[in-house]
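Q: I'd like to ask some things about the structure below.
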Amino acid sequence: MESQYALGIDIGGTSTEYGIVNKLGEVIYEFDFPTKSFNEPQELVDAIYKDLEDKGYLNQIFGIGVGAPNGNYFTGNIEYAPNLTWKGIVPLAKMFEHTFGKPALLTNDANAAAMGEMLFGNAKDVKDFVTITLGTGVGSGVIVNGNLVYGHDGFAGEYGHIRIIPEGRLCGCTRRGCLETYCSSTGVVRSIEELDSENKAFSSLMSMENPSAKNVFDEADLGDLFAKEIVDYTARLLGSALADYACFSSPKAYVLFGGIAQHSGDFAKKVKLFMEENILVIYKNKIDIRVSSLHDRNAAVLGTAAHVFWDLKK
Ligand SMILES: [Zn+2]
């Protein structure tokens, strides 16, 4: 029987999830390991191999897609990932190819998310779009004419580190004012501390111990004025930034992914409003703001598997 499944693997600082995915985007088997329990990356590769051997899936896989922070498509290496215990340069794609005897592709998580959106999610009908992942940081995957934009070295599309406020908040990248310091979940939490408002003293957020971004959005839904101001502030900065980023690739859509985007309120609508207010006239009313449909469907595994279907079966 022809090998028909893709193995999608998402390596995060906390856990590594992987799954066997068919071409319809159905995950037929999935499992996870705590990433930190493997001192050496090869131990993780071996553990996944053994599990899939035991379950009888090994011969049914035609390719392997791996998503990891700072994963480089061209080299197949993880390069200096800040939140992994494996330091320096890790030749992860080669390790998987050598152990499994199948082709393996590495990319970063945001690029994988964009691939997943195009094959299995809310961007099936468009060939030019950008996925914006709003999590602990802000990531982006840029698709132009149906292909991921990698740049000459594989690091294209780091929209989260485009600086939107001169001399603004200090970013983990050591510079100031990056989009991610305002519009990630950690950025939203920083806004509780840093935004001034006459409504702040009366906000329920101020009586919470370590309020989260979810708390901010929940309280805004309940009518808390300061929380609403933070949501608006976040949406305005993101919308304004997306207006500018349109100049690069003239996308048909931005697909927002992550807890903030998924929140029941009208965040995406607000982002759209602020984007339209700030956008160059030639792009006006042409770009959708969509919310990912993969959020509850193991997006990272689907994304890395989609990358394999797209790259190895075309
Ligand atoms: Zn930065």
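Chain identifiers are assigned as A, B, and so on, following the order in which chains appear in the structure tokens; residues are numbered from 1 within each chain, and ligands are numbered from 1 in order of appearance.
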For Tyr57 in chain A, list every protein, DNA or RNA residue within 9 Å, evaluated using only C-alpha atoms, and leave out those in the same chain fewer than 5 positions away; present the list as a VMD selection string.
A: chain A and resid 5 20 51 to 52
Q: Within 10 Å of ligand 1, counting only C-alpha atoms and all ligand atoms, which protein or nucleic acid residues do you find, written as a CSV table (one decimal) with N, CA and C atoms, in the first residue's frame?
A:
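Saved the output as result-v9.csv:
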```
chain,number,residue,atom,x,y,z
A,137,GLY,N,4.2,35.3,22.1
A,137,GLY,CA,4.8,36.3,21.2
A,137,GLY,C,3.8,36.5,20.1
A,138,VAL,N,4.3,37.3,19.1
A,138,VAL,CA,3.5,37.4,17.8
A,138,VAL,C,4.3,36.9,16.7
A,158,GLU,N,9.0,38.0,10.0
A,158,GLU,CA,8.9,38.2,11.5
A,158,GLU,C,8.2,39.5,11.8
A,159,TYR,N,6.9,39.5,11.4
A,159,TYR,CA,6.1,40.7,11.6
A,159,TYR,C,6.0,41.1,13.1
A,160,GLY,N,6.1,40.1,14.0
A,160,GLY,CA,6.0,40.4,15.4
A,160,GLY,C,7.1,41.3,15.9
A,161,HIS,N,8.2,41.4,15.2
A,161,HIS,CA,9.4,42.2,15.6
A,161,HIS,C,9.5,43.4,14.7
A,162,ILE,N,8.5,43.8,14.0
A,162,ILE,CA,8.5,45.1,13.3
A,162,ILE,C,8.2,46.1,14.4
A,163,ARG,N,9.0,47.2,14.5
A,163,ARG,CA,8.8,48.1,15.5
A,163,ARG,C,7.7,49.1,15.2
A,169,ARG,N,8.0,49.8,24.2
A,169,ARG,CA,8.3,48.8,25.2
A,169,ARG,C,9.6,47.9,24.8
A,170,LEU,N,10.3,47.6,25.8
A,170,LEU,CA,11.5,46.7,25.6
A,170,LEU,C,11.0,45.3,25.2
A,171,CYS,N,11.6,44.8,24.1
A,171,CYS,CA,11.2,43.5,23.6
A,171,CYS,C,12.3,42.4,24.0
A,172,GLY,N,11.9,41.2,24.0
A,172,GLY,CA,12.8,40.0,24.2
A,172,GLY,C,13.9,40.0,23.2
A,173,CYS,N,13.7,40.6,22.1
A,173,CYS,CA,14.8,40.6,21.0
A,173,CYS,C,15.8,41.7,21.3
A,174,THR,N,15.7,42.4,22.4
A,174,THR,CA,16.6,43.5,22.9
A,174,THR,C,16.3,44.9,22.3
A,175,ARG,N,15.4,44.9,21.4
A,175,ARG,CA,15.1,46.3,20.8
A,175,ARG,C,13.8,46.8,21.4
A,176,ARG,N,13.3,47.9,21.0
A,176,ARG,CA,12.2,48.5,21.7
A,176,ARG,C,11.0,48.8,20.7
A,177,GLY,N,9.8,48.6,21.2
A,177,GLY,CA,8.6,49.0,20.4
A,177,GLY,C,8.1,48.0,19.4
A,178,CYS,N,8.5,46.7,19.5
A,178,CYS,CA,8.1,45.7,18.6
A,178,CYS,C,6.6,45.4,18.8
A,179,LEU,N,5.9,45.1,17.7
A,179,LEU,CA,4.5,44.7,17.7
A,179,LEU,C,4.2,43.7,18.8
A,180,GLU,N,5.0,42.8,19.0
A,180,GLU,CA,4.7,41.7,20.0
A,180,GLU,C,4.7,42.2,21.4
A,181,THR,N,5.4,43.3,21.7
A,181,THR,CA,5.4,43.8,23.1
A,181,THR,C,4.0,44.4,23.4
```
Q: List the neighbours of Ser249 in chain A out to 8 Å using only C-alpha atoms; skip same-chain residues closer than 3 positions along the sequence, and give me the result as JSON, numbers by chain.
A: {"A": [128, 144, 245, 246]}
Q: Give me the residues within 10 Å of Ser292 in chain A as a list in words, counting only C-alpha atoms and dropping any in the same chain fewer than 6 places off.
A: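 Once the nearby chain positions are removed, what remains is Ala113, Ala114, Gly116, Glu117, Gly121, Asn122, Ala123, Thr131, Ile132, Thr133, Tyr254, Val255, Leu256, Phe257, Gly258, Ala261, Gln262 and Ala299 of chain A.
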Q: Going by DSSP on the backbone, which residues of range 121-251 of chain A come out as strand (DSSP E)? List them as a list in words.
A: Phe129, Val130, Thr131, Ile132, Thr133, Leu134, Val138, Gly139, Ser140, Gly141, Val142, Ile143, Val144, Asn147 and Leu148 of chain A
Q: Once you have the residues from the selection above, write them out as a PDB file, in the first residue's frame, restricted to N, CA and C atoms.
A:
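What landed in out-v4.pdb:
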```
ATOM      1  N   PHE A 129      -2.081  35.548   1.516  1.00  0.00           N
ATOM      2  CA  PHE A 129      -2.579  35.932   2.844  1.00  0.00           C
ATOM      3  C   PHE A 129      -1.439  35.848   3.853  1.00  0.00           C
ATOM      4  N   VAL A 130      -1.715  36.370   5.030  1.00  0.00           N
ATOM      5  CA  VAL A 130      -0.719  36.328   6.103  1.00  0.00           C
ATOM      6  C   VAL A 130      -1.395  35.796   7.358  1.00  0.00           C
ATOM      7  N   THR A 131      -0.796  34.791   7.980  1.00  0.00           N
ATOM      8  CA  THR A 131      -1.271  34.324   9.271  1.00  0.00           C
ATOM      9  C   THR A 131      -0.540  35.088  10.364  1.00  0.00           C
ATOM     10  N   ILE A 132      -1.295  35.607  11.306  1.00  0.00           N
ATOM     11  CA  ILE A 132      -0.699  36.300  12.451  1.00  0.00           C
ATOM     12  C   ILE A 132      -1.023  35.478  13.693  1.00  0.00           C
ATOM     13  N   THR A 133      -0.009  34.947  14.357  1.00  0.00           N
ATOM     14  CA  THR A 133      -0.251  34.155  15.563  1.00  0.00           C
ATOM     15  C   THR A 133      -0.059  35.039  16.788  1.00  0.00           C
ATOM     16  N   LEU A 134      -1.122  35.133  17.586  1.00  0.00           N
ATOM     17  CA  LEU A 134      -1.100  35.985  18.769  1.00  0.00           C
ATOM     18  C   LEU A 134      -1.034  35.086  19.995  1.00  0.00           C
ATOM     19  N   VAL A 138       4.269  37.257  19.061  1.00  0.00           N
ATOM     20  CA  VAL A 138       3.485  37.412  17.835  1.00  0.00           C
ATOM     21  C   VAL A 138       4.321  36.859  16.690  1.00  0.00           C
ATOM     22  N   GLY A 139       3.768  35.878  15.978  1.00  0.00           N
ATOM     23  CA  GLY A 139       4.472  35.310  14.829  1.00  0.00           C
ATOM     24  C   GLY A 139       3.684  35.565  13.562  1.00  0.00           C
ATOM     25  N   SER A 140       4.314  35.322  12.414  1.00  0.00           N
ATOM     26  CA  SER A 140       3.576  35.480  11.170  1.00  0.00           C
ATOM     27  C   SER A 140       4.118  34.553  10.105  1.00  0.00           C
ATOM     28  N   GLY A 141       3.217  34.081   9.276  1.00  0.00           N
ATOM     29  CA  GLY A 141       3.590  33.283   8.120  1.00  0.00           C
ATOM     30  C   GLY A 141       3.017  33.959   6.885  1.00  0.00           C
ATOM     31  N   VAL A 142       3.859  34.307   5.945  1.00  0.00           N
ATOM     32  CA  VAL A 142       3.435  35.075   4.784  1.00  0.00           C
ATOM     33  C   VAL A 142       3.333  34.151   3.572  1.00  0.00           C
ATOM     34  N   ILE A 143       2.139  34.091   2.976  1.00  0.00           N
ATOM     35  CA  ILE A 143       1.937  33.273   1.779  1.00  0.00           C
ATOM     36  C   ILE A 143       1.736  34.212   0.588  1.00  0.00           C
ATOM     37  N   VAL A 144       2.562  34.049  -0.427  1.00  0.00           N
ATOM     38  CA  VAL A 144       2.435  34.827  -1.652  1.00  0.00           C
ATOM     39  C   VAL A 144       2.274  33.860  -2.815  1.00  0.00           C
ATOM     40  N   ASN A 147       2.701  30.211  -1.983  1.00  0.00           N
ATOM     41  CA  ASN A 147       3.952  29.713  -1.420  1.00  0.00           C
ATOM     42  C   ASN A 147       4.383  30.519  -0.202  1.00  0.00           C
ATOM     43  N   LEU A 148       5.008  29.848   0.736  1.00  0.00           N
ATOM     44  CA  LEU A 148       5.565  30.550   1.889  1.00  0.00           C
ATOM     45  C   LEU A 148       6.715  31.435   1.446  1.00  0.00           C
TER      46      LEU A 148
END
```
Q: Which of these residues is nearest to Gly259 in chain A, using only C-alpha atoms: A:Lys87, A:Lys214, A:Arg190, A:Lys23?
A: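 Of all the options, A:Lys214 lies closest to Gly259 in chain A.
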